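Participant: This is work.cif, which holds mmCIF, N, CA, C and O atoms, pLDDT in the B column; chains and numbers go by the auth columns:
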data_data
loop_
_atom_site.group_PDB
_atom_site.id
_atom_site.type_symbol
_atom_site.label_atom_id
_atom_site.label_comp_id
_atom_site.label_asym_id
_atom_site.label_seq_id
_atom_site.Cartn_x
_atom_site.Cartn_y
_atom_site.Cartn_z
_atom_site.B_iso_or_equiv
_atom_site.auth_seq_id
_atom_site.auth_asym_id
ATOM 1 N N MET A 1 0.844 -1.169 0.000 86.00 25 A
ATOM 2 C CA MET A 1 0.000 0.000 0.000 86.00 25 A
ATOM 3 C C MET A 1 0.900 1.246 0.000 86.00 25 A
ATOM 4 O O MET A 1 1.783 1.381 0.837 86.00 25 A
ATOM 5 N N THR A 2 0.648 2.122 -0.930 91.00 26 A
ATOM 6 C CA THR A 2 1.468 3.326 -1.040 91.00 26 A
ATOM 7 C C THR A 2 1.036 4.370 -0.016 91.00 26 A
ATOM 8 O O THR A 2 -0.024 4.250 0.607 91.00 26 A
ATOM 9 N N ARG A 3 1.833 5.388 0.119 92.00 27 A
ATOM 10 C CA ARG A 3 1.525 6.460 1.042 92.00 27 A
ATOM 11 C C ARG A 3 0.240 7.182 0.630 92.00 27 A
ATOM 12 O O ARG A 3 -0.551 7.605 1.468 92.00 27 A
ATOM 13 N N PHE A 4 0.058 7.311 -0.685 92.00 28 A
ATOM 14 C CA PHE A 4 -1.161 7.941 -1.193 92.00 28 A
ATOM 15 C C PHE A 4 -2.386 7.134 -0.766 92.00 28 A
ATOM 16 O O PHE A 4 -3.388 7.705 -0.325 92.00 28 A
ATOM 17 N N ASP A 5 -2.317 5.819 -0.908 91.00 29 A
ATOM 18 C CA ASP A 5 -3.440 4.963 -0.508 91.00 29 A
ATOM 19 C C ASP A 5 -3.740 5.099 0.986 91.00 29 A
ATOM 20 O O ASP A 5 -4.897 5.186 1.393 91.00 29 A
ATOM 21 N N LYS A 6 -2.689 5.112 1.802 92.00 30 A
ATOM 22 C CA LYS A 6 -2.879 5.249 3.242 92.00 30 A
ATOM 23 C C LYS A 6 -3.502 6.596 3.587 92.00 30 A
ATOM 24 O O LYS A 6 -4.418 6.668 4.413 92.00 30 A
ATOM 25 N N ASP A 7 -3.005 7.652 2.937 91.00 31 A
ATOM 26 C CA ASP A 7 -3.561 8.976 3.189 91.00 31 A
ATOM 27 C C ASP A 7 -5.002 9.075 2.715 91.00 31 A
ATOM 28 O O ASP A 7 -5.836 9.720 3.351 91.00 31 A
ATOM 29 N N MET A 8 -5.311 8.440 1.603 91.00 32 A
ATOM 30 C CA MET A 8 -6.671 8.468 1.077 91.00 32 A
ATOM 31 C C MET A 8 -7.632 7.779 2.048 91.00 32 A
ATOM 32 O O MET A 8 -8.707 8.303 2.342 91.00 32 A
ATOM 33 N N LEU A 9 -7.230 6.617 2.552 91.00 33 A
ATOM 34 C CA LEU A 9 -8.068 5.902 3.522 91.00 33 A
ATOM 35 C C LEU A 9 -8.250 6.713 4.800 91.00 33 A
ATOM 36 O O LEU A 9 -9.346 6.788 5.351 91.00 33 A
ATOM 37 N N GLU A 10 -7.168 7.329 5.255 91.00 34 A
ATOM 38 C CA GLU A 10 -7.238 8.143 6.467 91.00 34 A
ATOM 39 C C GLU A 10 -8.156 9.356 6.253 91.00 34 A
ATOM 40 O O GLU A 10 -8.936 9.715 7.139 91.00 34 A
ATOM 41 N N ALA A 11 -8.081 9.959 5.072 90.00 35 A
ATOM 42 C CA ALA A 11 -8.928 11.112 4.768 90.00 35 A
ATOM 43 C C ALA A 11 -10.396 10.704 4.700 90.00 35 A
ATOM 44 O O ALA A 11 -11.274 11.428 5.177 90.00 35 A
ATOM 45 N N LEU A 12 -10.665 9.561 4.119 88.00 36 A
ATOM 46 C CA LEU A 12 -12.043 9.092 4.027 88.00 36 A
ATOM 47 C C LEU A 12 -12.604 8.675 5.388 88.00 36 A
ATOM 48 O O LEU A 12 -13.819 8.667 5.586 88.00 36 A
ATOM 49 N N ASP A 13 -11.705 8.311 6.317 89.00 37 A
ATOM 50 C CA ASP A 13 -12.141 7.940 7.663 89.00 37 A
ATOM 51 C C ASP A 13 -12.465 9.150 8.521 89.00 37 A
ATOM 52 O O ASP A 13 -12.882 9.003 9.665 89.00 37 A
ATOM 53 N N GLY A 14 -12.243 10.353 7.995 86.00 38 A
ATOM 54 C CA GLY A 14 -12.634 11.552 8.729 86.00 38 A
ATOM 55 C C GLY A 14 -11.495 12.421 9.196 86.00 38 A
ATOM 56 O O GLY A 14 -11.711 13.425 9.857 86.00 38 A
ATOM 57 N N ASN A 15 -10.268 12.077 8.877 89.00 39 A
ATOM 58 C CA ASN A 15 -9.124 12.863 9.312 89.00 39 A
ATOM 59 C C ASN A 15 -8.557 13.652 8.126 89.00 39 A
ATOM 60 O O ASN A 15 -7.356 13.766 7.964 89.00 39 A
ATOM 61 N N SER A 16 -9.437 14.194 7.309 88.00 40 A
ATOM 62 C CA SER A 16 -9.025 14.822 6.058 88.00 40 A
ATOM 63 C C SER A 16 -8.205 16.087 6.267 88.00 40 A
ATOM 64 O O SER A 16 -7.246 16.327 5.540 88.00 40 A
ATOM 65 N N THR A 17 -8.564 16.902 7.247 91.00 41 A
ATOM 66 C CA THR A 17 -7.831 18.159 7.435 91.00 41 A
ATOM 67 C C THR A 17 -6.386 17.906 7.822 91.00 41 A
ATOM 68 O O THR A 17 -5.490 18.609 7.358 91.00 41 A
ATOM 69 N N GLU A 18 -6.158 16.897 8.643 93.00 42 A
ATOM 70 C CA GLU A 18 -4.783 16.560 9.053 93.00 42 A
ATOM 71 C C GLU A 18 -3.973 16.061 7.866 93.00 42 A
ATOM 72 O O GLU A 18 -2.815 16.440 7.682 93.00 42 A
ATOM 73 N N VAL A 19 -4.563 15.223 7.041 93.00 43 A
ATOM 74 C CA VAL A 19 -3.880 14.675 5.867 93.00 43 A
ATOM 75 C C VAL A 19 -3.529 15.798 4.891 93.00 43 A
ATOM 76 O O VAL A 19 -2.397 15.894 4.414 93.00 43 A
ATOM 77 N N LEU A 20 -4.508 16.657 4.604 93.00 44 A
ATOM 78 C CA LEU A 20 -4.268 17.739 3.659 93.00 44 A
ATOM 79 C C LEU A 20 -3.245 18.736 4.198 93.00 44 A
ATOM 80 O O LEU A 20 -2.406 19.233 3.446 93.00 44 A
ATOM 81 N N LYS A 21 -3.303 19.010 5.484 95.00 45 A
ATOM 82 C CA LYS A 21 -2.339 19.931 6.092 95.00 45 A
ATOM 83 C C LYS A 21 -0.916 19.371 6.007 95.00 45 A
ATOM 84 O O LYS A 21 0.022 20.078 5.628 95.00 45 A
ATOM 85 N N ARG A 22 -0.770 18.090 6.298 95.00 46 A
ATOM 86 C CA ARG A 22 0.543 17.448 6.255 95.00 46 A
ATOM 87 C C ARG A 22 1.100 17.430 4.829 95.00 46 A
ATOM 88 O O ARG A 22 2.278 17.720 4.596 95.00 46 A
ATOM 89 N N ARG A 23 0.252 17.125 3.862 95.00 47 A
ATOM 90 C CA ARG A 23 0.687 17.097 2.456 95.00 47 A
ATOM 91 C C ARG A 23 1.037 18.499 1.959 95.00 47 A
ATOM 92 O O ARG A 23 1.996 18.668 1.228 95.00 47 A
ATOM 93 N N LYS A 24 0.257 19.498 2.358 96.00 48 A
ATOM 94 C CA LYS A 24 0.526 20.880 1.947 96.00 48 A
ATOM 95 C C LYS A 24 1.871 21.343 2.489 96.00 48 A
ATOM 96 O O LYS A 24 2.645 22.005 1.787 96.00 48 A
ATOM 97 N N GLU A 25 2.175 20.988 3.734 97.00 49 A
ATOM 98 C CA GLU A 25 3.470 21.340 4.326 97.00 49 A
ATOM 99 C C GLU A 25 4.618 20.691 3.560 97.00 49 A
ATOM 100 O O GLU A 25 5.652 21.320 3.335 97.00 49 A
ATOM 101 N N GLU A 26 4.433 19.440 3.154 96.00 50 A
ATOM 102 C CA GLU A 26 5.486 18.759 2.402 96.00 50 A
ATOM 103 C C GLU A 26 5.691 19.400 1.034 96.00 50 A
ATOM 104 O O GLU A 26 6.818 19.559 0.577 96.00 50 A
ATOM 105 N N ILE A 27 4.597 19.776 0.372 96.00 51 A
ATOM 106 C CA ILE A 27 4.703 20.432 -0.933 96.00 51 A
ATOM 107 C C ILE A 27 5.448 21.760 -0.791 96.00 51 A
ATOM 108 O O ILE A 27 6.344 22.069 -1.591 96.00 51 A
ATOM 109 N N GLU A 28 5.115 22.524 0.232 96.00 52 A
ATOM 110 C CA GLU A 28 5.792 23.805 0.453 96.00 52 A
ATOM 111 C C GLU A 28 7.271 23.612 0.775 96.00 52 A
ATOM 112 O O GLU A 28 8.116 24.366 0.303 96.00 52 A
ATOM 113 N N ARG A 29 7.587 22.588 1.570 96.00 53 A
ATOM 114 C CA ARG A 29 8.979 22.313 1.923 96.00 53 A
ATOM 115 C C ARG A 29 9.789 21.942 0.684 96.00 53 A
ATOM 116 O O ARG A 29 10.897 22.450 0.477 96.00 53 A
ATOM 117 N N LEU A 30 9.224 21.072 -0.164 96.00 54 A
ATOM 118 C CA LEU A 30 9.924 20.661 -1.373 96.00 54 A
ATOM 119 C C LEU A 30 10.066 21.815 -2.360 96.00 54 A
ATOM 120 O O LEU A 30 11.099 21.930 -3.038 96.00 54 A
ATOM 121 N N THR A 31 9.063 22.667 -2.450 96.00 55 A
ATOM 122 C CA THR A 31 9.142 23.824 -3.339 96.00 55 A
ATOM 123 C C THR A 31 10.272 24.747 -2.902 96.00 55 A
ATOM 124 O O THR A 31 11.063 25.214 -3.727 96.00 55 A
ATOM 125 N N LYS A 32 10.351 24.988 -1.611 95.00 56 A
ATOM 126 C CA LYS A 32 11.422 25.841 -1.080 95.00 56 A
ATOM 127 C C LYS A 32 12.787 25.201 -1.321 95.00 56 A
ATOM 128 O O LYS A 32 13.741 25.879 -1.706 95.00 56 A
ATOM 129 N N GLU A 33 12.882 23.890 -1.097 95.00 57 A
ATOM 130 C CA GLU A 33 14.142 23.175 -1.320 95.00 57 A
ATOM 131 C C GLU A 33 14.541 23.238 -2.795 95.00 57 A
ATOM 132 O O GLU A 33 15.713 23.410 -3.125 95.00 57 A
ATOM 133 N N GLY A 34 13.577 23.107 -3.691 93.00 58 A
ATOM 134 C CA GLY A 34 13.855 23.145 -5.126 93.00 58 A
ATOM 135 C C GLY A 34 14.349 24.499 -5.586 93.00 58 A
ATOM 136 O O GLY A 34 15.209 24.594 -6.461 93.00 58 A
ATOM 137 N N LYS A 35 13.809 25.548 -5.010 93.00 59 A
ATOM 138 C CA LYS A 35 14.236 26.891 -5.385 93.00 59 A
ATOM 139 C C LYS A 35 15.668 27.177 -4.946 93.00 59 A
ATOM 140 O O LYS A 35 16.374 27.945 -5.598 93.00 59 A
ATOM 141 N N GLY A 36 16.102 26.559 -3.870 93.00 60 A
ATOM 142 C CA GLY A 36 17.445 26.801 -3.355 93.00 60 A
ATOM 143 C C GLY A 36 18.479 25.820 -3.853 93.00 60 A
ATOM 144 O O GLY A 36 19.663 25.960 -3.553 93.00 60 A
ATOM 145 N N CYS A 37 18.062 24.837 -4.636 91.00 61 A
ATOM 146 C CA CYS A 37 18.967 23.778 -5.088 91.00 61 A
ATOM 147 C C CYS A 37 19.768 24.255 -6.296 91.00 61 A
ATOM 148 O O CYS A 37 19.216 24.803 -7.252 91.00 61 A
ATOM 149 N N LYS A 38 21.073 24.016 -6.270 92.00 62 A
ATOM 150 C CA LYS A 38 21.926 24.428 -7.380 92.00 62 A
ATOM 151 C C LYS A 38 22.183 23.291 -8.371 92.00 62 A
ATOM 152 O O LYS A 38 22.596 23.540 -9.482 92.00 62 A
ATOM 153 N N ASN A 39 21.915 22.074 -7.953 94.00 63 A
ATOM 154 C CA ASN A 39 22.099 20.915 -8.815 94.00 63 A
ATOM 155 C C ASN A 39 20.856 20.772 -9.700 94.00 63 A
ATOM 156 O O ASN A 39 19.753 20.524 -9.215 94.00 63 A
ATOM 157 N N SER A 40 21.033 20.929 -11.013 93.00 64 A
ATOM 158 C CA SER A 40 19.873 20.949 -11.913 93.00 64 A
ATOM 159 C C SER A 40 19.157 19.604 -11.961 93.00 64 A
ATOM 160 O O SER A 40 17.931 19.564 -12.078 93.00 64 A
ATOM 161 N N PHE A 41 19.880 18.483 -11.876 96.00 65 A
ATOM 162 C CA PHE A 41 19.234 17.172 -11.879 96.00 65 A
ATOM 163 C C PHE A 41 18.375 17.002 -10.629 96.00 65 A
ATOM 164 O O PHE A 41 17.217 16.570 -10.704 96.00 65 A
ATOM 165 N N ARG A 42 18.919 17.366 -9.495 95.00 66 A
ATOM 166 C CA ARG A 42 18.174 17.269 -8.234 95.00 66 A
ATOM 167 C C ARG A 42 16.954 18.186 -8.270 95.00 66 A
ATOM 168 O O ARG A 42 15.875 17.829 -7.805 95.00 66 A
ATOM 169 N N ARG A 43 17.120 19.373 -8.845 95.00 67 A
ATOM 170 C CA ARG A 43 16.015 20.323 -8.960 95.00 67 A
ATOM 171 C C ARG A 43 14.891 19.750 -9.825 95.00 67 A
ATOM 172 O O ARG A 43 13.717 19.903 -9.514 95.00 67 A
ATOM 173 N N GLN A 44 15.258 19.039 -10.898 96.00 68 A
ATOM 174 C CA GLN A 44 14.257 18.384 -11.753 96.00 68 A
ATOM 175 C C GLN A 44 13.513 17.300 -10.987 96.00 68 A
ATOM 176 O O GLN A 44 12.289 17.177 -11.115 96.00 68 A
ATOM 177 N N CYS A 45 14.243 16.518 -10.217 96.00 69 A
ATOM 178 C CA CYS A 45 13.614 15.447 -9.427 96.00 69 A
ATOM 179 C C CYS A 45 12.637 16.027 -8.408 96.00 69 A
ATOM 180 O O CYS A 45 11.534 15.503 -8.225 96.00 69 A
ATOM 181 N N ILE A 46 13.042 17.102 -7.763 96.00 70 A
ATOM 182 C CA ILE A 46 12.174 17.750 -6.780 96.00 70 A
ATOM 183 C C ILE A 46 10.932 18.302 -7.471 96.00 70 A
ATOM 184 O O ILE A 46 9.816 18.172 -6.953 96.00 70 A
ATOM 185 N N ALA A 47 11.105 18.892 -8.654 96.00 71 A
ATOM 186 C CA ALA A 47 9.965 19.453 -9.391 96.00 71 A
ATOM 187 C C ALA A 47 8.965 18.356 -9.755 96.00 71 A
ATOM 188 O O ALA A 47 7.749 18.546 -9.654 96.00 71 A
ATOM 189 N N GLN A 48 9.463 17.202 -10.189 97.00 72 A
ATOM 190 C CA GLN A 48 8.583 16.081 -10.518 97.00 72 A
ATOM 191 C C GLN A 48 7.832 15.605 -9.281 97.00 72 A
ATOM 192 O O GLN A 48 6.638 15.276 -9.342 97.00 72 A
ATOM 193 N N GLU A 49 8.517 15.563 -8.163 96.00 73 A
ATOM 194 C CA GLU A 49 7.888 15.143 -6.906 96.00 73 A
ATOM 195 C C GLU A 49 6.799 16.137 -6.502 96.00 73 A
ATOM 196 O O GLU A 49 5.724 15.741 -6.056 96.00 73 A
ATOM 197 N N VAL A 50 7.066 17.424 -6.661 97.00 74 A
ATOM 198 C CA VAL A 50 6.074 18.451 -6.321 97.00 74 A
ATOM 199 C C VAL A 50 4.843 18.314 -7.212 97.00 74 A
ATOM 200 O O VAL A 50 3.706 18.401 -6.733 97.00 74 A
ATOM 201 N N VAL A 51 5.044 18.070 -8.491 97.00 75 A
ATOM 202 C CA VAL A 51 3.920 17.903 -9.414 97.00 75 A
ATOM 203 C C VAL A 51 3.081 16.695 -9.023 97.00 75 A
ATOM 204 O O VAL A 51 1.848 16.751 -8.976 97.00 75 A
ATOM 205 N N ARG A 52 3.742 15.584 -8.691 96.00 76 A
ATOM 206 C CA ARG A 52 3.023 14.370 -8.290 96.00 76 A
ATOM 207 C C ARG A 52 2.247 14.597 -7.004 96.00 76 A
ATOM 208 O O ARG A 52 1.063 14.246 -6.892 96.00 76 A
ATOM 209 N N LEU A 53 2.893 15.207 -6.004 96.00 77 A
ATOM 210 C CA LEU A 53 2.232 15.448 -4.723 96.00 77 A
ATOM 211 C C LEU A 53 1.079 16.436 -4.857 96.00 77 A
ATOM 212 O O LEU A 53 0.048 16.287 -4.200 96.00 77 A
ATOM 213 N N THR A 54 1.231 17.433 -5.712 96.00 78 A
ATOM 214 C CA THR A 54 0.161 18.394 -5.934 96.00 78 A
ATOM 215 C C THR A 54 -1.053 17.724 -6.576 96.00 78 A
ATOM 216 O O THR A 54 -2.194 17.986 -6.192 96.00 78 A
ATOM 217 N N ALA A 55 -0.806 16.838 -7.536 96.00 79 A
ATOM 218 C CA ALA A 55 -1.908 16.109 -8.174 96.00 79 A
ATOM 219 C C ALA A 55 -2.615 15.217 -7.159 96.00 79 A
ATOM 220 O O ALA A 55 -3.854 15.149 -7.133 96.00 79 A
ATOM 221 N N GLU A 56 -1.851 14.533 -6.312 94.00 80 A
ATOM 222 C CA GLU A 56 -2.450 13.688 -5.283 94.00 80 A
ATOM 223 C C GLU A 56 -3.233 14.537 -4.265 94.00 80 A
ATOM 224 O O GLU A 56 -4.320 14.151 -3.850 94.00 80 A
ATOM 225 N N TYR A 57 -2.676 15.679 -3.900 95.00 81 A
ATOM 226 C CA TYR A 57 -3.349 16.587 -2.965 95.00 81 A
ATOM 227 C C TYR A 57 -4.693 17.033 -3.544 95.00 81 A
ATOM 228 O O TYR A 57 -5.715 17.002 -2.857 95.00 81 A
ATOM 229 N N ASP A 58 -4.684 17.442 -4.806 95.00 82 A
ATOM 230 C CA ASP A 58 -5.919 17.880 -5.452 95.00 82 A
ATOM 231 C C ASP A 58 -6.939 16.758 -5.536 95.00 82 A
ATOM 232 O O ASP A 58 -8.149 16.979 -5.355 95.00 82 A
ATOM 233 N N TYR A 59 -6.488 15.540 -5.799 93.00 83 A
ATOM 234 C CA TYR A 59 -7.396 14.393 -5.885 93.00 83 A
ATOM 235 C C TYR A 59 -8.037 14.103 -4.521 93.00 83 A
ATOM 236 O O TYR A 59 -9.251 13.908 -4.428 93.00 83 A
ATOM 237 N N ILE A 60 -7.219 14.086 -3.477 91.00 84 A
ATOM 238 C CA ILE A 60 -7.751 13.831 -2.136 91.00 84 A
ATOM 239 C C ILE A 60 -8.726 14.937 -1.756 91.00 84 A
ATOM 240 O O ILE A 60 -9.803 14.674 -1.206 91.00 84 A
ATOM 241 N N ASP A 61 -8.383 16.183 -2.078 91.00 85 A
ATOM 242 C CA ASP A 61 -9.249 17.310 -1.762 91.00 85 A
ATOM 243 C C ASP A 61 -10.587 17.216 -2.495 91.00 85 A
ATOM 244 O O ASP A 61 -11.633 17.526 -1.932 91.00 85 A
ATOM 245 N N SER A 62 -10.545 16.759 -3.726 91.00 86 A
ATOM 246 C CA SER A 62 -11.787 16.656 -4.504 91.00 86 A
ATOM 247 C C SER A 62 -12.680 15.495 -4.036 91.00 86 A
ATOM 248 O O SER A 62 -13.895 15.533 -4.226 91.00 86 A
ATOM 249 N N MET A 63 -12.097 14.487 -3.435 86.00 87 A
ATOM 250 C CA MET A 63 -12.862 13.337 -2.981 86.00 87 A
ATOM 251 C C MET A 63 -13.592 13.598 -1.658 86.00 87 A
ATOM 252 O O MET A 63 -14.480 12.855 -1.282 86.00 87 A
ATOM 253 N N ILE A 64 -13.211 14.650 -0.981 80.00 88 A
ATOM 254 C CA ILE A 64 -13.788 14.923 0.343 80.00 88 A
ATOM 255 C C ILE A 64 -14.955 15.860 0.249 80.00 88 A
ATOM 256 O O ILE A 64 -15.171 16.632 -0.533 80.00 88 A
#
Show me the file's structure as structure tokens.

Facilitator:
Amino acid sequence: MTRFDKDMLEALDGNSTEVLKRRKEEIERLTKEGKGCKNSFRRQCIAQEVVRLTAEYDYIDSMI
């Protein structure tokens, strides 16, 4: 079971605000880290992770 699946189940069980808050903090942390990163490959990896997490965040938000 992936982290997304666990978060989705937790959100559906009624703890949605905590899940969304935790994911939003992670997205903001990665965005800040990506802006300060000088290694272009690492910056690309972080950007891909932010895009994936943002899509998952939006999906969880829409399901609630």

Participant: On this structure, the PyMOL selection byres ((chain A and resi 41-56) around 7) would catch which residues? List them as a list in words, sorted by chain and number.

Facilitator: Asp31, Glu34, Ala35, Gly38, Asn39, Ser40, Glu57, Gly58, Lys59, Gly60, Cys61, Ile70, Ala71, Val74, Leu77, Thr78 and Tyr81 of chain A

Participant: Could you state the separation of atom CA of A:Asp29 and atom N of A:Glu73 in Å, given to one decimal place?

Facilitator: 17.7 Å

Participant: Box along x, y and z, 4 Å on every side, all listed atoms of stretch 60-70 of chain A inside: centre and edge lengths in Å to one decimal, as AutoDock Vina command-line options.

Facilitator:
--center_x 16.2 --center_y 21.1 --center_z -7.7 --size_x 20.8 --size_y 19.4 --size_z 16.7

Participant: Could you check how far atom O of A:Asp82 sits from atom O of A:Asp37, in Å to one decimal?

Facilitator: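 Rounded to one decimal, the two atoms are 17.7 Å apart.
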
Participant: One number please: atom CA of A:Arg66 to atom CA of A:Met32, in Å, one decimal.

Facilitator: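 That distance, rounded to one decimal, is 28.0 Å.
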
Participant: Write out as number ranges by chain the set of residues from chain A that DSSP, computed on the backbone, places in alpha helix (DSSP H).

Facilitator: A: 27-34, 40-60, 64-87

Participant: Starting from the incomplete input, reconstruct all heavy atoms of stretch 39-48 of chain A and report them as a PDB file, in the coordinates of the input.

Facilitator:
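That gives us result38.pdb:
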ATOM      1  N   ASN A  39     -10.268  12.077   8.877  1.00 89.00           N
ATOM      2  CA  ASN A  39      -9.124  12.863   9.312  1.00 89.00           C
ATOM      3  C   ASN A  39      -8.557  13.652   8.126  1.00 89.00           C
ATOM      4  O   ASN A  39      -7.356  13.766   7.964  1.00 89.00           O
ATOM      5  CB  ASN A  39      -8.059  11.933   9.904  1.00 89.00           C
ATOM      6  CG  ASN A  39      -7.067  12.674  10.757  1.00 89.00           C
ATOM      7  OD1 ASN A  39      -7.243  13.834  11.061  1.00 89.00           O
ATOM      8  ND2 ASN A  39      -6.013  11.987  11.136  1.00 89.00           N
ATOM      9  N   SER A  40      -9.437  14.194   7.309  1.00 88.00           N
ATOM     10  CA  SER A  40      -9.025  14.822   6.058  1.00 88.00           C
ATOM     11  C   SER A  40      -8.205  16.087   6.267  1.00 88.00           C
ATOM     12  O   SER A  40      -7.246  16.327   5.540  1.00 88.00           O
ATOM     13  CB  SER A  40     -10.230  15.119   5.187  1.00 88.00           C
ATOM     14  OG  SER A  40     -11.112  15.981   5.858  1.00 88.00           O
ATOM     15  N   THR A  41      -8.564  16.902   7.247  1.00 91.00           N
ATOM     16  CA  THR A  41      -7.831  18.159   7.435  1.00 91.00           C
ATOM     17  C   THR A  41      -6.386  17.906   7.822  1.00 91.00           C
ATOM     18  O   THR A  41      -5.490  18.609   7.358  1.00 91.00           O
ATOM     19  CB  THR A  41      -8.509  19.044   8.496  1.00 91.00           C
ATOM     20  OG1 THR A  41      -8.633  18.309   9.708  1.00 91.00           O
ATOM     21  CG2 THR A  41      -9.868  19.508   8.036  1.00 91.00           C
ATOM     22  N   GLU A  42      -6.158  16.897   8.643  1.00 93.00           N
ATOM     23  CA  GLU A  42      -4.783  16.560   9.053  1.00 93.00           C
ATOM     24  C   GLU A  42      -3.973  16.061   7.866  1.00 93.00           C
ATOM     25  O   GLU A  42      -2.815  16.440   7.682  1.00 93.00           O
ATOM     26  CB  GLU A  42      -4.820  15.508  10.163  1.00 93.00           C
ATOM     27  CG  GLU A  42      -3.465  15.130  10.687  1.00 93.00           C
ATOM     28  CD  GLU A  42      -2.786  16.271  11.423  1.00 93.00           C
ATOM     29  OE1 GLU A  42      -3.481  17.101  12.027  1.00 93.00           O
ATOM     30  OE2 GLU A  42      -1.549  16.327  11.383  1.00 93.00           O
ATOM     31  N   VAL A  43      -4.563  15.223   7.041  1.00 93.00           N
ATOM     32  CA  VAL A  43      -3.880  14.675   5.867  1.00 93.00           C
ATOM     33  C   VAL A  43      -3.529  15.798   4.891  1.00 93.00           C
ATOM     34  O   VAL A  43      -2.397  15.894   4.414  1.00 93.00           O
ATOM     35  CB  VAL A  43      -4.743  13.602   5.165  1.00 93.00           C
ATOM     36  CG1 VAL A  43      -4.157  13.216   3.827  1.00 93.00           C
ATOM     37  CG2 VAL A  43      -4.896  12.381   6.047  1.00 93.00           C
ATOM     38  N   LEU A  44      -4.508  16.657   4.604  1.00 93.00           N
ATOM     39  CA  LEU A  44      -4.268  17.739   3.659  1.00 93.00           C
ATOM     40  C   LEU A  44      -3.245  18.736   4.198  1.00 93.00           C
ATOM     41  O   LEU A  44      -2.406  19.233   3.446  1.00 93.00           O
ATOM     42  CB  LEU A  44      -5.580  18.451   3.325  1.00 93.00           C
ATOM     43  CG  LEU A  44      -6.579  17.623   2.519  1.00 93.00           C
ATOM     44  CD1 LEU A  44      -7.885  18.388   2.362  1.00 93.00           C
ATOM     45  CD2 LEU A  44      -6.020  17.245   1.162  1.00 93.00           C
ATOM     46  N   LYS A  45      -3.303  19.010   5.484  1.00 95.00           N
ATOM     47  CA  LYS A  45      -2.339  19.931   6.092  1.00 95.00           C
ATOM     48  C   LYS A  45      -0.916  19.371   6.007  1.00 95.00           C
ATOM     49  O   LYS A  45       0.022  20.078   5.628  1.00 95.00           O
ATOM     50  CB  LYS A  45      -2.722  20.162   7.551  1.00 95.00           C
ATOM     51  CG  LYS A  45      -1.922  21.217   8.253  1.00 95.00           C
ATOM     52  CD  LYS A  45      -2.570  21.543   9.584  1.00 95.00           C
ATOM     53  CE  LYS A  45      -1.585  21.341  10.689  1.00 95.00           C
ATOM     54  NZ  LYS A  45      -2.102  21.667  12.005  1.00 95.00           N
ATOM     55  N   ARG A  46      -0.770  18.090   6.298  1.00 95.00           N
ATOM     56  CA  ARG A  46       0.543  17.448   6.255  1.00 95.00           C
ATOM     57  C   ARG A  46       1.100  17.430   4.829  1.00 95.00           C
ATOM     58  O   ARG A  46       2.278  17.720   4.596  1.00 95.00           O
ATOM     59  CB  ARG A  46       0.425  16.023   6.814  1.00 95.00           C
ATOM     60  CG  ARG A  46       1.729  15.310   6.962  1.00 95.00           C
ATOM     61  CD  ARG A  46       1.575  13.960   7.655  1.00 95.00           C
ATOM     62  NE  ARG A  46       0.659  13.076   6.948  1.00 95.00           N
ATOM     63  CZ  ARG A  46      -0.430  12.533   7.494  1.00 95.00           C
ATOM     64  NH1 ARG A  46      -0.763  12.792   8.737  1.00 95.00           N
ATOM     65  NH2 ARG A  46      -1.195  11.725   6.794  1.00 95.00           N
ATOM     66  N   ARG A  47       0.252  17.125   3.862  1.00 95.00           N
ATOM     67  CA  ARG A  47       0.687  17.097   2.456  1.00 95.00           C
ATOM     68  C   ARG A  47       1.037  18.499   1.959  1.00 95.00           C
ATOM     69  O   ARG A  47       1.996  18.668   1.228  1.00 95.00           O
ATOM     70  CB  ARG A  47      -0.378  16.465   1.578  1.00 95.00           C
ATOM     71  CG  ARG A  47      -0.384  14.956   1.691  1.00 95.00           C
ATOM     72  CD  ARG A  47      -1.281  14.331   0.656  1.00 95.00           C
ATOM     73  NE  ARG A  47      -0.982  12.923   0.581  1.00 95.00           N
ATOM     74  CZ  ARG A  47      -0.279  12.360  -0.395  1.00 95.00           C
ATOM     75  NH1 ARG A  47       0.153  13.062  -1.389  1.00 95.00           N
ATOM     76  NH2 ARG A  47      -0.029  11.072  -0.383  1.00 95.00           N
ATOM     77  N   LYS A  48       0.257  19.498   2.358  1.00 96.00           N
ATOM     78  CA  LYS A  48       0.526  20.880   1.947  1.00 96.00           C
ATOM     79  C   LYS A  48       1.871  21.343   2.489  1.00 96.00           C
ATOM     80  O   LYS A  48       2.645  22.005   1.787  1.00 96.00           O
ATOM     81  CB  LYS A  48      -0.601  21.794   2.433  1.00 96.00           C
ATOM     82  CG  LYS A  48      -0.516  23.187   1.921  1.00 96.00           C
ATOM     83  CD  LYS A  48      -0.787  23.223   0.443  1.00 96.00           C
ATOM     84  CE  LYS A  48      -0.997  24.626  -0.040  1.00 96.00           C
ATOM     85  NZ  LYS A  48      -1.248  24.679  -1.468  1.00 96.00           N
TER      86      LYS A  48
END
